[in-house]
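For reference, query_35.cif is printed below; it contains mmCIF, C-alpha atoms.
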data_coords
loop_
_atom_site.label_atom_id
_atom_site.label_comp_id
_atom_site.auth_asym_id
_atom_site.auth_seq_id
_atom_site.Cartn_x
_atom_site.Cartn_y
_atom_site.Cartn_z
CA MET A 24 32.34 0.79 12.84
CA PRO A 25 29.50 1.85 10.54
CA LYS A 26 28.61 5.41 9.68
CA PHE A 27 25.53 6.88 11.30
CA ILE A 28 22.40 8.54 9.96
CA ILE A 29 20.70 10.65 12.61
CA LYS A 30 16.95 11.18 12.60
CA ILE A 31 16.14 14.71 13.70
CA GLU A 32 13.24 14.64 16.14
CA LYS A 33 11.01 17.30 17.67
CA LYS A 34 12.60 16.83 21.11
CA ASP A 35 16.18 17.39 19.87
CA ALA A 36 17.73 20.53 21.35
CA GLU A 37 20.97 20.53 19.38
CA LEU A 38 22.52 18.99 16.32
CA VAL A 39 24.74 15.99 17.01
CA ASN A 40 27.67 16.27 14.64
CA ASN A 41 30.95 14.38 14.30
CA GLU A 42 32.94 12.41 11.73
CA ASP A 43 30.93 9.19 12.24
CA ILE A 44 27.70 10.90 11.17
CA CYS A 45 27.30 10.98 7.41
CA CYS A 46 23.83 12.48 7.12
CA TYR A 47 20.56 13.44 8.76
CA VAL A 48 16.96 12.44 8.20
CA ALA A 49 14.21 15.00 8.68
CA ASP A 50 10.48 15.39 8.21
CA GLU A 51 7.86 18.01 8.98
CA ASN A 52 7.96 17.01 12.67
CA SER A 53 11.69 17.67 13.10
CA ASN A 54 12.82 20.45 15.42
CA PRO A 55 13.05 23.49 13.07
CA LYS A 56 16.17 24.90 14.76
CA VAL A 57 18.04 21.58 14.58
CA PHE A 58 16.81 21.03 11.02
CA ALA A 59 18.21 24.44 10.02
CA GLN A 60 21.55 23.52 11.61
CA ALA A 61 21.59 20.26 9.65
CA MET A 62 20.83 22.11 6.42
CA SER A 63 23.78 24.44 7.01
CA SER A 64 26.14 21.55 7.86
CA ASP A 65 28.37 19.87 5.32
CA LYS A 66 26.38 16.63 5.67
CA LEU A 67 23.54 15.30 3.53
CA VAL A 68 19.96 15.83 4.68
CA LEU A 69 17.40 13.27 3.53
CA GLY A 70 13.63 13.47 3.77
CA GLU A 71 11.17 10.84 4.86
CA ASN A 72 8.49 11.86 2.41
CA ALA A 73 8.57 13.13 -1.15
CA ASP A 74 6.62 16.36 -0.59
CA PHE A 75 8.85 17.49 2.28
CA CYS A 76 11.96 16.54 0.32
CA ARG A 77 10.82 18.56 -2.70
CA GLU A 78 9.64 21.54 -0.65
CA LYS A 79 12.92 21.82 1.29
CA ASN A 80 15.13 20.83 -1.66
CA LEU A 81 16.80 18.09 0.37
CA ASP A 82 19.67 15.93 -0.81
CA GLY A 83 17.59 12.80 -1.07
CA LEU A 84 14.74 10.62 0.04
CA LEU A 85 14.17 7.59 2.24
CA ILE A 86 11.38 5.45 0.88
CA ASP A 87 9.36 3.31 3.27
CA HIS A 88 6.75 1.63 1.09
CA LYS A 89 5.60 -1.97 0.78
CA VAL A 90 8.26 -3.82 -1.23
CA ASP A 91 6.44 -6.35 -3.36
CA GLU A 92 5.84 -7.14 -7.03
CA LYS A 93 4.09 -3.76 -7.48
CA PHE A 94 7.05 -1.83 -6.04
CA PRO A 95 8.85 -1.22 -9.38
CA LYS A 96 5.80 0.67 -10.71
CA PHE A 97 5.70 2.75 -7.52
CA ILE A 98 9.40 3.60 -7.48
CA LYS A 99 9.97 4.55 -11.14
CA PRO A 100 8.14 7.92 -10.98
CA LEU A 101 9.95 8.82 -7.74
CA GLN A 102 13.30 8.00 -9.31
CA LYS A 103 12.48 10.34 -12.19
CA GLN A 104 11.36 13.12 -9.84
CA PHE A 105 14.45 12.79 -7.65
CA LYS A 106 17.02 12.07 -10.33
CA GLY A 107 20.46 13.05 -9.09
CA LYS A 108 19.36 12.83 -5.43
CA PHE A 109 20.29 10.14 -2.92
CA MET A 110 17.75 7.40 -2.34
CA GLY A 111 17.39 4.78 0.36
CA ILE A 112 14.75 2.07 0.22
CA CYS A 113 13.44 0.44 3.38
CA CYS A 114 12.46 -3.23 3.38
CA HIS A 115 11.85 -6.04 5.83
CA PRO A 116 14.83 -8.34 6.33
CA SER A 117 13.85 -10.93 3.75
CA ARG A 118 15.82 -12.06 0.73
CA HIS A 119 12.86 -11.49 -1.56
CA GLU A 120 12.28 -7.89 -0.45
CA ALA A 121 16.01 -7.14 -0.47
CA MET A 122 16.25 -8.32 -4.08
CA ILE A 123 13.24 -6.25 -5.19
CA ALA A 124 14.54 -3.16 -3.38
CA SER A 125 18.03 -3.63 -4.85
CA GLU A 126 16.70 -4.00 -8.38
CA ALA A 127 15.58 -0.37 -8.10
CA GLU A 128 19.29 0.52 -7.71
CA PRO A 129 19.03 2.79 -4.67
CA ASP A 130 22.11 4.24 -3.00
CA PHE A 131 21.42 2.00 -0.02
CA VAL A 132 18.87 -0.52 1.24
CA ILE A 133 17.55 -0.08 4.77
CA PHE A 134 16.66 -3.22 6.69
CA ALA A 135 13.86 -2.56 9.19
CA VAL A 136 15.25 -4.56 12.09
CA ASN A 137 13.58 -5.03 15.46
CA LYS A 138 13.81 -7.43 18.39
CA ASP A 139 11.34 -9.82 16.76
CA ASN A 140 13.24 -10.25 13.47
CA GLU A 141 16.84 -9.80 14.64
CA ALA A 142 17.97 -13.40 13.94
CA GLU A 143 16.36 -13.36 10.49
CA ALA A 144 17.92 -9.96 9.78
CA LEU A 145 21.38 -11.23 10.68
CA GLU A 146 21.08 -14.13 8.23
CA VAL A 147 19.67 -11.93 5.45
CA MET A 148 22.28 -9.22 5.93
CA ARG A 149 25.13 -11.76 5.77
CA TRP A 150 23.68 -13.06 2.51
CA TYR A 151 23.13 -9.51 1.23
CA ALA A 152 26.71 -8.44 2.01
CA GLU A 153 28.06 -11.37 -0.01
CA LEU A 154 25.78 -10.86 -3.01
CA PHE A 155 25.14 -7.13 -3.45
CA LEU A 156 27.39 -4.10 -3.91
CA ILE A 157 24.64 -1.72 -2.81
CA GLN A 158 25.27 -0.41 0.67
CA SER A 159 23.03 -1.43 3.55
CA ALA A 160 21.60 0.29 6.58
CA VAL A 161 19.78 -0.94 9.65
CA THR A 162 17.30 0.79 11.89
CA TYR A 163 18.71 0.71 15.41
CA PHE A 164 17.03 -0.52 18.57
CA GLU A 165 18.42 -0.80 22.09
CA ASN A 166 20.69 -3.80 22.69
CA MET A 167 20.84 -4.70 19.00
CA ASP A 168 23.16 -7.58 18.13
CA LYS A 169 26.63 -6.12 17.51
CA ASN A 170 27.01 -8.40 14.46
CA LEU A 171 24.19 -6.48 12.75
CA LEU A 172 26.01 -3.22 13.43
CA ASP A 173 29.19 -4.70 11.97
CA LEU A 174 27.42 -5.87 8.79
CA ALA A 175 25.70 -2.55 8.09
CA ASP A 176 27.33 0.33 6.26
CA PHE A 177 24.98 2.74 8.04
CA VAL A 178 22.93 2.71 11.22
CA ILE A 179 19.83 4.90 11.39
CA LEU A 180 18.91 6.15 14.85
CA ASN A 181 17.90 9.21 16.84
CA ALA A 182 20.37 11.51 18.58
CA SER A 183 19.85 10.18 22.11
CA ASP A 184 20.28 6.53 21.03
CA TYR A 185 23.38 7.58 19.09
CA LYS A 186 24.99 9.07 22.20
CA ILE A 187 24.23 5.92 24.21
CA LEU A 188 25.48 3.58 21.47
CA VAL A 189 28.74 5.47 20.94
CA ASP A 190 29.36 5.41 24.67
CA LYS A 191 28.76 1.61 24.74
CA ILE A 192 31.08 1.05 21.79
CA LYS A 193 33.84 3.10 23.44
CA ARG A 194 33.49 1.07 26.63
CA LEU A 195 33.71 -2.22 24.70
CA ASP A 196 36.84 -1.11 22.84
#

Go through the file and emit its structure as structure tokens.
Amino acid sequence: MPKFIIKIEKKDAELVNNEDICCYVADENSNPKVFAQAMSSDKLVLGENADFCREKNLDGLLIDHKVDEKFPKFIKPLQKQFKGKFMGICCHPSRHEAMIASEAEPDFVIFAVNKDNEAEALEVMRWYAELFLIQSAVTYFENMDKNLLDLADFVILNASDYKILVDKIKRLD
């Protein structure tokens, strides 16, 4: 089973915390009380934008920016600013984007998976797992192919989807 990264949302009333959760993702729209609980936990807290990450002195940054030939020029200044912090780079599930994202040497590459690109994502993630040592993550959606969950090192989802998914996994086991 992969580890989970929980996105803290405005509607969250409490922090979901157990051994399968490795870190949290927050932004300026996160519930302040839950965000404070995450910051005082022993887990990493990553930001979704550079300003918020800097302002709150978070443990790292998730970068969701167009991954193309211009990406290396975009990412270099961020890597300098956030040296020593964790970094995840989001890309579409394509071999080309995965290679460009991986060349930046992030801590993990996030594949933006949805119902429309699930089959393509499965093929790309199989290829990626064979070729790269950099860890991978997927963005979760309801009824996602279990094979994608098995291939990913991390699954990024909100607290309510996490509770539903864990319940489903327990029932299947």

List the neighbours of Met24 of chain A out to 12 Å using all atoms listed in the file; skip same-chain residues closer than 3 positions along the sequence, and give me the result as a count of residues only.
19

Selection under test: the PyMOL selection byres ((chain A and resi 55-62) around 8); residues as JSON, numbers by chain:
{"A": [31, 33, 35, 36, 37, 38, 47, 49, 53, 54, 63, 64, 65, 66, 67, 68]}

Write out as a PyMOL selection string each polymer residue whose atoms come within 12 Å of Phe164 of chain A, counting all atoms listed in the file; drop sequence neighbours fewer than 2 positions from it.
chain A and resi 135-141+161-162+166-169+171-172+178-181+183-185+187-188

Any idea what the distance is between atom CA of Val147 of chain A and atom CA of Val132 of chain A?
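One can read the atom CA of Val147 of chain A to atom CA of Val132 of chain A distance as 12.2 Å.
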
Hits of the PyMOL selection byres ((chain A and resi 152) around 12) in this structure, as a PyMOL selection string:
chain A and resi 118+121+131-132+144-151+153-160+171+173-176

Quick one, how far is atom CA of Glu71 of chain A from atom CA of Val39 of chain A?
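These two atoms are separated by 18.9 Å.
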
Pick from A:Lys34, A:Val90, A:Ala127, A:Cys114: nearest to Gln102 of chain A, with only C-alpha atoms counted?
A:Ala127
